[in-house]
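Peer 1: File name query-v7.cif; file contents mmCIF, C-alpha atoms; full text below.
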data_protein
#
loop_
_atom_site.group_PDB
_atom_site.id
_atom_site.type_symbol
_atom_site.label_atom_id
_atom_site.label_comp_id
_atom_site.auth_asym_id
_atom_site.auth_seq_id
_atom_site.Cartn_x
_atom_site.Cartn_y
_atom_site.Cartn_z
ATOM 1 C CA MET E 1 1.781 -0.094 -0.876
ATOM 2 C CA ARG E 2 -0.256 -3.075 0.276
ATOM 3 C CA LEU E 3 -4.061 -2.843 0.562
ATOM 4 C CA LEU E 4 -6.689 -5.328 1.717
ATOM 5 C CA LEU E 5 -9.628 -5.661 -0.681
ATOM 6 C CA VAL E 6 -12.643 -7.446 0.847
ATOM 7 C CA GLU E 7 -15.109 -8.129 -1.978
ATOM 8 C CA ASP E 8 -17.092 -11.296 -2.778
ATOM 9 C CA HIS E 9 -18.135 -10.373 -6.332
ATOM 10 C CA ASP E 10 -15.458 -11.967 -8.529
ATOM 11 C CA ARG E 11 -15.766 -9.706 -11.576
ATOM 12 C CA LEU E 12 -15.818 -6.513 -9.536
ATOM 13 C CA ALA E 13 -12.951 -7.708 -7.347
ATOM 14 C CA GLU E 14 -10.876 -8.517 -10.427
ATOM 15 C CA ASN E 15 -11.500 -5.078 -11.928
ATOM 16 C CA LEU E 16 -10.800 -3.352 -8.617
ATOM 17 C CA ALA E 17 -7.544 -5.234 -8.125
ATOM 18 C CA LYS E 18 -6.445 -4.374 -11.659
ATOM 19 C CA ALA E 19 -7.209 -0.670 -11.150
ATOM 20 C CA LEU E 20 -5.409 -0.612 -7.807
ATOM 21 C CA ARG E 21 -2.320 -2.271 -9.258
ATOM 22 C CA SER E 22 -2.287 0.247 -12.109
ATOM 23 C CA ALA E 23 -2.381 3.022 -9.502
ATOM 24 C CA GLY E 24 0.714 1.633 -7.787
ATOM 25 C CA PHE E 25 -0.883 -0.415 -5.010
ATOM 26 C CA ALA E 26 -0.455 -4.096 -4.141
ATOM 27 C CA PRO E 27 -3.961 -5.386 -3.290
ATOM 28 C CA ASP E 28 -4.727 -8.625 -1.465
ATOM 29 C CA ARG E 29 -8.241 -9.762 -2.339
ATOM 30 C CA VAL E 30 -10.340 -11.906 0.005
ATOM 31 C CA ALA E 31 -13.957 -12.889 -0.600
ATOM 32 C CA ASP E 32 -15.395 -13.267 2.902
ATOM 33 C CA ALA E 33 -15.164 -12.080 6.478
ATOM 34 C CA ALA E 34 -13.142 -15.081 7.638
ATOM 35 C CA GLY E 35 -10.504 -14.405 5.003
ATOM 36 C CA ALA E 36 -10.440 -10.738 5.935
ATOM 37 C CA LEU E 37 -9.871 -11.455 9.621
ATOM 38 C CA ALA E 38 -7.092 -13.934 8.826
ATOM 39 C CA ALA E 39 -5.381 -11.444 6.513
ATOM 40 C CA LEU E 40 -5.656 -8.585 9.008
ATOM 41 C CA ASP E 41 -4.075 -10.698 11.718
ATOM 42 C CA SER E 42 -1.116 -11.704 9.554
ATOM 43 C CA VAL E 43 -0.267 -8.688 7.355
ATOM 44 C CA ARG E 44 0.205 -4.980 8.017
ATOM 45 C CA TYR E 45 -1.876 -3.013 5.479
ATOM 46 C CA ALA E 46 -1.891 0.646 4.492
ATOM 47 C CA ALA E 47 -5.694 0.661 4.046
ATOM 48 C CA CYS E 48 -8.729 -1.595 3.662
ATOM 49 C CA ILE E 49 -11.530 -1.475 1.063
ATOM 50 C CA LEU E 50 -14.484 -3.263 2.647
ATOM 51 C CA ASP E 51 -17.730 -4.600 1.191
ATOM 52 C CA LEU E 52 -20.554 -5.089 3.679
ATOM 53 C CA GLY E 53 -22.562 -7.822 1.943
ATOM 54 C CA LEU E 54 -20.227 -10.764 2.552
ATOM 55 C CA PRO E 55 -21.341 -14.406 2.269
ATOM 56 C CA ASP E 56 -20.382 -15.546 5.780
ATOM 57 C CA ALA E 57 -20.924 -12.424 7.919
ATOM 58 C CA ASP E 58 -21.832 -8.766 7.756
ATOM 59 C CA GLY E 59 -18.896 -6.587 6.795
ATOM 60 C CA MET E 60 -19.605 -4.453 9.852
ATOM 61 C CA SER E 61 -18.159 -7.275 11.965
ATOM 62 C CA VAL E 62 -14.890 -6.935 10.041
ATOM 63 C CA LEU E 63 -14.920 -3.200 10.693
ATOM 64 C CA ALA E 64 -15.463 -3.854 14.399
ATOM 65 C CA HIS E 65 -12.465 -6.212 14.387
ATOM 66 C CA ILE E 66 -10.318 -3.600 12.667
ATOM 67 C CA ARG E 67 -11.232 -0.890 15.128
ATOM 68 C CA LYS E 68 -10.578 -3.229 18.026
ATOM 69 C CA ARG E 69 -7.139 -4.387 16.909
ATOM 70 C CA HIS E 70 -6.004 -2.056 14.081
ATOM 71 C CA ASP E 71 -7.066 1.379 15.296
ATOM 72 C CA ASN E 72 -5.191 3.450 12.723
ATOM 73 C CA LEU E 73 -6.006 1.421 9.608
ATOM 74 C CA PRO E 74 -7.970 3.593 7.121
ATOM 75 C CA VAL E 75 -11.172 1.825 6.003
ATOM 76 C CA LEU E 76 -13.229 2.668 2.923
ATOM 77 C CA ILE E 77 -16.613 0.939 2.935
ATOM 78 C CA CYS E 78 -17.618 0.095 -0.627
ATOM 79 C CA THR E 79 -21.146 -1.313 -0.735
ATOM 80 C CA ALA E 80 -24.529 -1.420 -2.476
ATOM 81 C CA ARG E 81 -26.262 -0.273 0.721
ATOM 82 C CA ASP E 82 -27.255 3.244 -0.245
ATOM 83 C CA ALA E 83 -29.730 4.190 2.497
ATOM 84 C CA PHE E 84 -28.880 7.255 4.556
ATOM 85 C CA GLU E 85 -29.120 5.174 7.738
ATOM 86 C CA ASP E 86 -26.548 2.689 6.388
ATOM 87 C CA ARG E 87 -24.079 5.460 5.616
ATOM 88 C CA ILE E 88 -24.458 6.938 9.088
ATOM 89 C CA ALA E 89 -24.105 3.504 10.706
ATOM 90 C CA GLY E 90 -20.929 2.760 8.753
ATOM 91 C CA LEU E 91 -19.306 6.080 9.583
ATOM 92 C CA ASN E 92 -20.339 5.919 13.229
ATOM 93 C CA ALA E 93 -18.908 2.400 13.472
ATOM 94 C CA GLY E 94 -15.489 3.703 12.498
ATOM 95 C CA SER E 95 -15.166 3.696 8.708
ATOM 96 C CA ASP E 96 -13.200 6.621 7.283
ATOM 97 C CA ASP E 97 -15.231 6.921 4.092
ATOM 98 C CA TYR E 98 -18.322 5.363 2.490
ATOM 99 C CA LEU E 99 -18.720 4.751 -1.260
ATOM 100 C CA VAL E 100 -21.919 3.384 -2.815
ATOM 101 C CA LYS E 101 -21.919 0.943 -5.735
ATOM 102 C CA PRO E 102 -21.862 1.382 -8.657
ATOM 103 C CA PHE E 103 -18.942 3.792 -8.645
ATOM 104 C CA ASN E 104 -16.211 5.106 -10.905
ATOM 105 C CA MET E 105 -12.824 3.402 -10.469
ATOM 106 C CA ASP E 106 -10.996 6.736 -10.616
ATOM 107 C CA GLU E 107 -13.138 8.025 -7.767
ATOM 108 C CA LEU E 108 -12.332 4.987 -5.635
ATOM 109 C CA ILE E 109 -8.597 5.431 -6.256
ATOM 110 C CA ALA E 110 -8.877 9.121 -5.394
ATOM 111 C CA ARG E 111 -10.718 8.326 -2.158
ATOM 112 C CA VAL E 112 -8.105 5.754 -1.145
ATOM 113 C CA ARG E 113 -5.323 8.253 -1.771
ATOM 114 C CA ALA E 114 -7.226 10.910 0.184
ATOM 115 C CA LEU E 115 -7.421 8.567 3.181
ATOM 116 C CA LEU E 116 -3.706 7.860 2.955
ATOM 117 C CA ARG E 117 -2.915 11.591 2.861
ATOM 118 C CA ARG E 118 -4.548 12.221 6.215
ATOM 119 C CA PRO E 119 -2.279 12.960 9.188
ATOM 120 C CA GLY E 120 -0.497 9.752 10.105
ATOM 121 C CA GLY E 121 -1.379 8.174 6.765
ATOM 122 C CA ALA E 122 1.019 6.652 4.269
ATOM 123 C CA LEU E 123 0.798 9.499 1.739
ATOM 124 C CA GLY E 124 0.906 13.248 1.805
ATOM 125 C CA VAL E 125 4.530 14.104 2.530
ATOM 126 C CA ASP E 126 7.744 14.558 0.591
ATOM 127 C CA LEU E 127 10.478 12.234 1.813
ATOM 128 C CA ALA E 128 13.899 13.869 1.518
ATOM 129 C CA VAL E 129 17.312 12.449 2.354
ATOM 130 C CA GLY E 130 20.488 14.085 1.015
ATOM 131 C CA ASN E 131 19.750 15.320 -2.501
ATOM 132 C CA LEU E 132 17.003 12.749 -3.053
ATOM 133 C CA VAL E 133 13.345 13.810 -2.819
ATOM 134 C CA PHE E 134 10.389 11.438 -3.088
ATOM 135 C CA ASP E 135 6.901 12.853 -3.728
ATOM 136 C CA THR E 136 4.587 10.227 -2.211
ATOM 137 C CA VAL E 137 1.431 11.738 -3.733
ATOM 138 C CA ASN E 138 2.570 11.895 -7.368
ATOM 139 C CA ARG E 139 4.856 8.872 -6.975
ATOM 140 C CA GLN E 140 7.953 10.589 -8.315
ATOM 141 C CA ALA E 141 11.559 10.534 -7.098
ATOM 142 C CA SER E 142 13.993 13.221 -8.172
ATOM 143 C CA VAL E 143 17.522 14.490 -7.672
ATOM 144 C CA GLY E 144 17.439 18.256 -7.645
ATOM 145 C CA GLN E 145 14.970 19.037 -10.409
ATOM 146 C CA GLU E 146 15.744 15.890 -12.393
ATOM 147 C CA PRO E 147 13.192 13.069 -12.119
ATOM 148 C CA LEU E 148 14.430 9.503 -11.755
ATOM 149 C CA SER E 149 13.144 6.846 -14.116
ATOM 150 C CA LEU E 150 12.152 3.980 -11.815
ATOM 151 C CA SER E 151 9.844 1.025 -12.230
ATOM 152 C CA ARG E 152 6.823 0.764 -9.935
ATOM 153 C CA ARG E 153 8.524 -1.952 -7.905
ATOM 154 C CA GLU E 154 11.683 0.142 -7.557
ATOM 155 C CA MET E 155 9.599 3.160 -6.551
ATOM 156 C CA ASP E 156 7.797 1.173 -3.857
ATOM 157 C CA LEU E 157 11.066 -0.259 -2.586
ATOM 158 C CA LEU E 158 12.655 3.192 -2.422
ATOM 159 C CA GLU E 159 9.698 4.593 -0.469
ATOM 160 C CA ILE E 160 9.911 1.844 2.138
ATOM 161 C CA LEU E 161 13.645 2.372 2.614
ATOM 162 C CA LEU E 162 13.256 6.162 2.764
ATOM 163 C CA ARG E 163 10.584 5.898 5.454
ATOM 164 C CA ARG E 164 13.067 3.885 7.509
ATOM 165 C CA THR E 165 16.219 5.870 6.744
ATOM 166 C CA GLY E 166 19.041 4.892 9.064
ATOM 167 C CA ARG E 167 17.315 1.678 10.141
ATOM 168 C CA VAL E 168 17.809 -1.844 8.862
ATOM 169 C CA VAL E 169 14.774 -3.163 6.971
ATOM 170 C CA ALA E 170 14.470 -6.929 7.007
ATOM 171 C CA LYS E 171 14.160 -8.724 3.684
ATOM 172 C CA GLU E 172 10.959 -10.372 4.928
ATOM 173 C CA THR E 173 9.459 -6.940 5.654
ATOM 174 C CA LEU E 174 10.154 -5.826 2.082
ATOM 175 C CA GLU E 175 8.643 -8.996 0.627
ATOM 176 C CA GLU E 176 5.500 -8.559 2.707
ATOM 177 C CA ALA E 177 5.081 -4.917 1.673
ATOM 178 C CA LEU E 178 5.808 -5.361 -2.040
ATOM 179 C CA TYR E 179 4.049 -8.606 -2.908
ATOM 180 C CA GLY E 180 0.419 -9.552 -2.423
ATOM 181 C CA PHE E 181 -1.115 -12.987 -1.876
ATOM 182 C CA ASP E 182 -1.464 -13.538 -5.616
ATOM 183 C CA LYS E 183 2.127 -12.629 -6.540
ATOM 184 C CA GLU E 184 4.627 -14.478 -4.398
ATOM 185 C CA ALA E 185 8.183 -13.172 -4.524
ATOM 186 C CA THR E 186 10.829 -15.364 -6.137
ATOM 187 C CA PRO E 187 13.755 -16.298 -3.841
ATOM 188 C CA ASN E 188 16.005 -13.497 -5.129
ATOM 189 C CA ALA E 189 13.369 -10.932 -6.133
ATOM 190 C CA ILE E 190 14.305 -8.431 -3.413
ATOM 191 C CA GLU E 191 18.025 -8.770 -4.173
ATOM 192 C CA VAL E 192 17.439 -8.124 -7.880
ATOM 193 C CA ALA E 193 15.148 -5.132 -7.277
ATOM 194 C CA THR E 194 17.571 -3.628 -4.758
ATOM 195 C CA HIS E 195 20.533 -4.095 -7.109
ATOM 196 C CA ARG E 196 18.719 -2.325 -9.950
ATOM 197 C CA LEU E 197 17.561 0.510 -7.702
ATOM 198 C CA ARG E 198 21.062 0.967 -6.252
ATOM 199 C CA LYS E 199 22.588 1.207 -9.738
ATOM 200 C CA LYS E 200 20.057 3.822 -10.845
ATOM 201 C CA LEU E 201 20.635 5.914 -7.736
ATOM 202 C CA GLU E 202 24.401 5.767 -8.188
ATOM 203 C CA LYS E 203 24.125 6.730 -11.864
ATOM 204 C CA ALA E 204 21.983 9.753 -10.966
ATOM 205 C CA GLY E 205 24.526 10.971 -8.412
ATOM 206 C CA VAL E 206 22.274 10.467 -5.412
ATOM 207 C CA THR E 207 24.034 11.147 -2.096
ATOM 208 C CA VAL E 208 22.333 8.248 -0.312
ATOM 209 C CA HIS E 209 23.365 4.626 -0.532
ATOM 210 C CA ILE E 210 21.596 1.311 0.003
ATOM 211 C CA HIS E 211 23.752 -0.949 2.154
ATOM 212 C CA THR E 212 23.257 -4.708 2.257
ATOM 213 C CA ILE E 213 23.293 -6.125 5.785
ATOM 214 C CA ARG E 214 24.043 -9.745 5.058
ATOM 215 C CA GLY E 215 21.586 -12.229 6.427
ATOM 216 C CA ILE E 216 19.246 -9.483 7.644
ATOM 217 C CA GLY E 217 18.175 -6.895 5.081
ATOM 218 C CA TYR E 218 18.981 -3.412 3.801
ATOM 219 C CA LEU E 219 19.880 0.005 5.181
ATOM 220 C CA LEU E 220 19.505 3.341 3.395
ATOM 221 C CA LYS E 221 21.538 6.277 4.681
ATOM 222 C CA GLU E 222 23.160 9.453 3.384
ATOM 223 C CA ASP E 223 26.802 9.289 2.343
ATOM 224 C CA ILE E 224 28.847 11.666 4.460
ATOM 225 C CA ALA E 225 31.993 12.985 2.769
#
Take the structure in the file and write it out as structure tokens.
Peer 2:
Amino acid sequence: MRLLLVEDHDRLAENLAKALRSAGFAPDRVADAAGALAALDSVRYAACILDLGLPDADGMSVLAHIRKRHDNLPVLICTARDAFEDRIAGLNAGSDDYLVKPFNMDELIARVRALLRRPGGALGVDLAVGNLVFDTVNRQASVGQEPLSLSRREMDLLEILLRRTGRVVAKETLEEALYGFDKEATPNAIEVATHRLRKKLEKAGVTVHIHTIRGIGYLLKEDIA
């Protein structure tokens, strides 16, 4: 799940990105408002973590841009501004949550997940097709009561396909969702990941199948006897 991380402090940004990746997210880090606006206009994100003290503009201008053009994007302000008035201003301007530095990484991850579990968010539901169930909160796929052993990349790929069951998902869409700015996909990365996921699903007796639509992308649908 791809997130936008807007943070100009290199050490903190590095630690945040590492923690987010460990939690199953794919963060894109930018260090200023200009980079944030460019990223927002080119990539569809699940959520944004936004610092306010940016070198080229106030982070509130980025928030205003998001609310003008990306109404449903969850935004977590993460800043050193700890005054009561700053918190109120951030929330009134359209942020979904406000976290003051310094903070615990586990708390930040929990807050991001809480935002994504809200109605219309990317988390908070079980995705079920055929005998396959995917728990988006605990990041676990299972067949009946048996959990599937999948890599993080395979898990992310499966979630995207499940959310679009019965529809063709373009290869470019998968690449954009699974790989951040700092980890460009190799030419056959999606093909390899899909092949491995398909084999694991078949071995587990899953009643859904991933179909390759040549030259376009992939389609997940339930096998009908």
Peer 1: Counting all atoms listed in the file, which residues sit no farther than 8 Å from the position (10.5, -2.3, -5.7) in the file's frame? I'd like them as a PyMOL selection string.
Peer 2: chain E and resi 151-158+178+190+193-194+197
Peer 1: Run the PyMOL selection byres ((chain E and resi 177) around 9) on the file and write out the hits as a ChimeraX atom specification.
Peer 2: /E:1-2,26,43-45,156-157,160,172-176,178-180
Peer 1: Applying the PyMOL selection byres ((chain E and resi 205-216) around 10) to the file I just gave you, which residues come out? Please list them as a PDB file with C-alpha atoms, in the coordinates of the input.
Peer 2:
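The result, written out as result.pdb:
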ATOM      1  CA  VAL E 129      17.312  12.449   2.354  1.00  0.00           C
ATOM      2  CA  GLY E 130      20.488  14.085   1.015  1.00  0.00           C
ATOM      3  CA  ASN E 131      19.750  15.320  -2.501  1.00  0.00           C
ATOM      4  CA  LEU E 132      17.003  12.749  -3.053  1.00  0.00           C
ATOM      5  CA  VAL E 133      13.345  13.810  -2.819  1.00  0.00           C
ATOM      6  CA  SER E 142      13.993  13.221  -8.172  1.00  0.00           C
ATOM      7  CA  VAL E 143      17.522  14.490  -7.672  1.00  0.00           C
ATOM      8  CA  GLY E 144      17.439  18.256  -7.645  1.00  0.00           C
ATOM      9  CA  LEU E 158      12.655   3.192  -2.422  1.00  0.00           C
ATOM     10  CA  LEU E 161      13.645   2.372   2.614  1.00  0.00           C
ATOM     11  CA  LEU E 162      13.256   6.162   2.764  1.00  0.00           C
ATOM     12  CA  THR E 165      16.219   5.870   6.744  1.00  0.00           C
ATOM     13  CA  VAL E 168      17.809  -1.844   8.862  1.00  0.00           C
ATOM     14  CA  VAL E 169      14.774  -3.163   6.971  1.00  0.00           C
ATOM     15  CA  ALA E 170      14.470  -6.929   7.007  1.00  0.00           C
ATOM     16  CA  LYS E 171      14.160  -8.724   3.684  1.00  0.00           C
ATOM     17  CA  GLU E 172      10.959 -10.372   4.928  1.00  0.00           C
ATOM     18  CA  GLU E 191      18.025  -8.770  -4.173  1.00  0.00           C
ATOM     19  CA  THR E 194      17.571  -3.628  -4.758  1.00  0.00           C
ATOM     20  CA  HIS E 195      20.533  -4.095  -7.109  1.00  0.00           C
ATOM     21  CA  LEU E 197      17.561   0.510  -7.702  1.00  0.00           C
ATOM     22  CA  ARG E 198      21.062   0.967  -6.252  1.00  0.00           C
ATOM     23  CA  LYS E 199      22.588   1.207  -9.738  1.00  0.00           C
ATOM     24  CA  LYS E 200      20.057   3.822 -10.845  1.00  0.00           C
ATOM     25  CA  LEU E 201      20.635   5.914  -7.736  1.00  0.00           C
ATOM     26  CA  GLU E 202      24.401   5.767  -8.188  1.00  0.00           C
ATOM     27  CA  LYS E 203      24.125   6.730 -11.864  1.00  0.00           C
ATOM     28  CA  ALA E 204      21.983   9.753 -10.966  1.00  0.00           C
ATOM     29  CA  GLY E 217      18.175  -6.895   5.081  1.00  0.00           C
ATOM     30  CA  TYR E 218      18.981  -3.412   3.801  1.00  0.00           C
ATOM     31  CA  LEU E 219      19.880   0.005   5.181  1.00  0.00           C
ATOM     32  CA  LEU E 220      19.505   3.341   3.395  1.00  0.00           C
ATOM     33  CA  LYS E 221      21.538   6.277   4.681  1.00  0.00           C
ATOM     34  CA  GLU E 222      23.160   9.453   3.384  1.00  0.00           C
ATOM     35  CA  ASP E 223      26.802   9.289   2.343  1.00  0.00           C
ATOM     36  CA  ILE E 224      28.847  11.666   4.460  1.00  0.00           C
ATOM     37  CA  ALA E 225      31.993  12.985   2.769  1.00  0.00           C
TER      38      ALA E 225
END
Peer 1: Got a sec to check which residues sit within 6 Å of (-10.7, -8.3, 0.8), counting only C-alpha atoms, and write them as a ChimeraX atom specification?
Peer 2: /E:4-7,29-31,36
Peer 1: Please indicate the distance in Å from atom CA of Leu76 of chain E to atom CA of Arg163 of chain E, rounded to one decimal place.
Peer 2: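 Answer for the atom CA of Leu76 of chain E to atom CA of Arg163 of chain E separation: 24.2 Å.
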Peer 1: Using all atoms of segment 134-147 of chain E listed in the file and a margin of 5 Å per side, can you give the axis-aligned box centre and edge lengths in Å to one decimal, as JSON?
Peer 2:
{"center_x": 9.5, "center_y": 14.0, "center_z": -7.3, "size_x": 26.1, "size_y": 20.2, "size_z": 20.2}
Peer 1: Place all heavy atoms on segment 194-204 of chain E and deliver the coordinates as a PDB file, in the frame of the given file.
Peer 2:
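For reference, rebuild-v8.pdb as written:
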ATOM      1  N   THR E 194      16.672  -4.522  -5.482  1.00  0.00           N
ATOM      2  CA  THR E 194      17.571  -3.628  -4.758  1.00  0.00           C
ATOM      3  C   THR E 194      18.817  -3.313  -5.570  1.00  0.00           C
ATOM      4  O   THR E 194      19.283  -2.159  -5.607  1.00  0.00           O
ATOM      5  CB  THR E 194      17.981  -4.259  -3.414  1.00  0.00           C
ATOM      6  OG1 THR E 194      16.807  -4.575  -2.662  1.00  0.00           O
ATOM      7  CG2 THR E 194      18.856  -3.294  -2.610  1.00  0.00           C
ATOM      8  N   HIS E 195      19.348  -4.304  -6.259  1.00  0.00           N
ATOM      9  CA  HIS E 195      20.533  -4.095  -7.109  1.00  0.00           C
ATOM     10  C   HIS E 195      20.222  -3.089  -8.213  1.00  0.00           C
ATOM     11  O   HIS E 195      21.015  -2.157  -8.463  1.00  0.00           O
ATOM     12  CB  HIS E 195      20.971  -5.429  -7.713  1.00  0.00           C
ATOM     13  CG  HIS E 195      22.094  -5.308  -8.697  1.00  0.00           C
ATOM     14  ND1 HIS E 195      23.409  -5.092  -8.305  1.00  0.00           N
ATOM     15  CD2 HIS E 195      22.104  -5.348 -10.064  1.00  0.00           C
ATOM     16  CE1 HIS E 195      24.165  -5.016  -9.386  1.00  0.00           C
ATOM     17  NE2 HIS E 195      23.403  -5.167 -10.456  1.00  0.00           N
ATOM     18  N   ARG E 196      19.092  -3.239  -8.867  1.00  0.00           N
ATOM     19  CA  ARG E 196      18.719  -2.325  -9.950  1.00  0.00           C
ATOM     20  C   ARG E 196      18.493  -0.913  -9.428  1.00  0.00           C
ATOM     21  O   ARG E 196      18.921   0.070 -10.044  1.00  0.00           O
ATOM     22  CB  ARG E 196      17.468  -2.844 -10.655  1.00  0.00           C
ATOM     23  CG  ARG E 196      17.699  -4.115 -11.462  1.00  0.00           C
ATOM     24  CD  ARG E 196      16.402  -4.645 -12.025  1.00  0.00           C
ATOM     25  NE  ARG E 196      16.621  -5.810 -12.870  1.00  0.00           N
ATOM     26  CZ  ARG E 196      15.666  -6.591 -13.339  1.00  0.00           C
ATOM     27  NH1 ARG E 196      14.389  -6.321 -13.062  1.00  0.00           N
ATOM     28  NH2 ARG E 196      15.951  -7.634 -14.093  1.00  0.00           N
ATOM     29  N   LEU E 197      17.811  -0.804  -8.284  1.00  0.00           N
ATOM     30  CA  LEU E 197      17.561   0.510  -7.702  1.00  0.00           C
ATOM     31  C   LEU E 197      18.875   1.171  -7.302  1.00  0.00           C
ATOM     32  O   LEU E 197      19.091   2.354  -7.565  1.00  0.00           O
ATOM     33  CB  LEU E 197      16.646   0.372  -6.485  1.00  0.00           C
ATOM     34  CG  LEU E 197      16.385   1.652  -5.687  1.00  0.00           C
ATOM     35  CD1 LEU E 197      15.750   2.724  -6.559  1.00  0.00           C
ATOM     36  CD2 LEU E 197      15.501   1.345  -4.479  1.00  0.00           C
ATOM     37  N   ARG E 198      19.764   0.423  -6.681  1.00  0.00           N
ATOM     38  CA  ARG E 198      21.062   0.967  -6.252  1.00  0.00           C
ATOM     39  C   ARG E 198      21.839   1.514  -7.445  1.00  0.00           C
ATOM     40  O   ARG E 198      22.416   2.604  -7.374  1.00  0.00           O
ATOM     41  CB  ARG E 198      21.860  -0.120  -5.543  1.00  0.00           C
ATOM     42  CG  ARG E 198      23.195   0.370  -4.992  1.00  0.00           C
ATOM     43  CD  ARG E 198      23.996  -0.789  -4.426  1.00  0.00           C
ATOM     44  NE  ARG E 198      23.473  -1.248  -3.157  1.00  0.00           N
ATOM     45  CZ  ARG E 198      23.153  -2.516  -2.885  1.00  0.00           C
ATOM     46  NH1 ARG E 198      23.261  -3.444  -3.817  1.00  0.00           N
ATOM     47  NH2 ARG E 198      22.727  -2.853  -1.684  1.00  0.00           N
ATOM     48  N   LYS E 199      21.855   0.771  -8.547  1.00  0.00           N
ATOM     49  CA  LYS E 199      22.588   1.207  -9.738  1.00  0.00           C
ATOM     50  C   LYS E 199      22.008   2.500 -10.307  1.00  0.00           C
ATOM     51  O   LYS E 199      22.746   3.404 -10.724  1.00  0.00           O
ATOM     52  CB  LYS E 199      22.558   0.105 -10.804  1.00  0.00           C
ATOM     53  CG  LYS E 199      23.382  -1.126 -10.460  1.00  0.00           C
ATOM     54  CD  LYS E 199      24.859  -0.773 -10.342  1.00  0.00           C
ATOM     55  CE  LYS E 199      25.696  -2.005 -10.076  1.00  0.00           C
ATOM     56  NZ  LYS E 199      27.142  -1.663  -9.896  1.00  0.00           N
ATOM     57  N   LYS E 200      20.685   2.616 -10.314  1.00  0.00           N
ATOM     58  CA  LYS E 200      20.057   3.822 -10.845  1.00  0.00           C
ATOM     59  C   LYS E 200      20.336   5.029  -9.954  1.00  0.00           C
ATOM     60  O   LYS E 200      20.552   6.151 -10.442  1.00  0.00           O
ATOM     61  CB  LYS E 200      18.550   3.600 -11.002  1.00  0.00           C
ATOM     62  CG  LYS E 200      18.188   2.634 -12.123  1.00  0.00           C
ATOM     63  CD  LYS E 200      16.684   2.510 -12.299  1.00  0.00           C
ATOM     64  CE  LYS E 200      16.346   1.569 -13.445  1.00  0.00           C
ATOM     65  NZ  LYS E 200      14.873   1.437 -13.655  1.00  0.00           N
ATOM     66  N   LEU E 201      20.333   4.820  -8.655  1.00  0.00           N
ATOM     67  CA  LEU E 201      20.635   5.914  -7.736  1.00  0.00           C
ATOM     68  C   LEU E 201      22.080   6.377  -7.901  1.00  0.00           C
ATOM     69  O   LEU E 201      22.366   7.581  -7.918  1.00  0.00           O
ATOM     70  CB  LEU E 201      20.381   5.484  -6.297  1.00  0.00           C
ATOM     71  CG  LEU E 201      18.934   5.160  -5.906  1.00  0.00           C
ATOM     72  CD1 LEU E 201      18.853   4.745  -4.444  1.00  0.00           C
ATOM     73  CD2 LEU E 201      18.003   6.330  -6.181  1.00  0.00           C
ATOM     74  N   GLU E 202      22.987   5.419  -8.010  1.00  0.00           N
ATOM     75  CA  GLU E 202      24.401   5.767  -8.188  1.00  0.00           C
ATOM     76  C   GLU E 202      24.623   6.519  -9.495  1.00  0.00           C
ATOM     77  O   GLU E 202      25.357   7.509  -9.536  1.00  0.00           O
ATOM     78  CB  GLU E 202      25.245   4.496  -8.156  1.00  0.00           C
ATOM     79  CG  GLU E 202      25.304   3.828  -6.785  1.00  0.00           C
ATOM     80  CD  GLU E 202      26.029   2.490  -6.819  1.00  0.00           C
ATOM     81  OE1 GLU E 202      26.356   2.016  -7.940  1.00  0.00           O
ATOM     82  OE2 GLU E 202      26.267   1.923  -5.743  1.00  0.00           O
ATOM     83  N   LYS E 203      23.970   6.080 -10.564  1.00  0.00           N
ATOM     84  CA  LYS E 203      24.125   6.730 -11.864  1.00  0.00           C
ATOM     85  C   LYS E 203      23.611   8.163 -11.841  1.00  0.00           C
ATOM     86  O   LYS E 203      24.158   9.050 -12.522  1.00  0.00           O
ATOM     87  CB  LYS E 203      23.391   5.922 -12.940  1.00  0.00           C
ATOM     88  CG  LYS E 203      23.571   6.467 -14.344  1.00  0.00           C
ATOM     89  CD  LYS E 203      22.861   5.578 -15.364  1.00  0.00           C
ATOM     90  CE  LYS E 203      23.047   6.129 -16.780  1.00  0.00           C
ATOM     91  NZ  LYS E 203      22.371   5.254 -17.792  1.00  0.00           N
ATOM     92  N   ALA E 204      22.571   8.408 -11.041  1.00  0.00           N
ATOM     93  CA  ALA E 204      21.983   9.753 -10.966  1.00  0.00           C
ATOM     94  C   ALA E 204      22.736  10.672 -10.009  1.00  0.00           C
ATOM     95  O   ALA E 204      22.395  11.849  -9.888  1.00  0.00           O
ATOM     96  CB  ALA E 204      20.524   9.647 -10.530  1.00  0.00           C
TER      97      ALA E 204
END
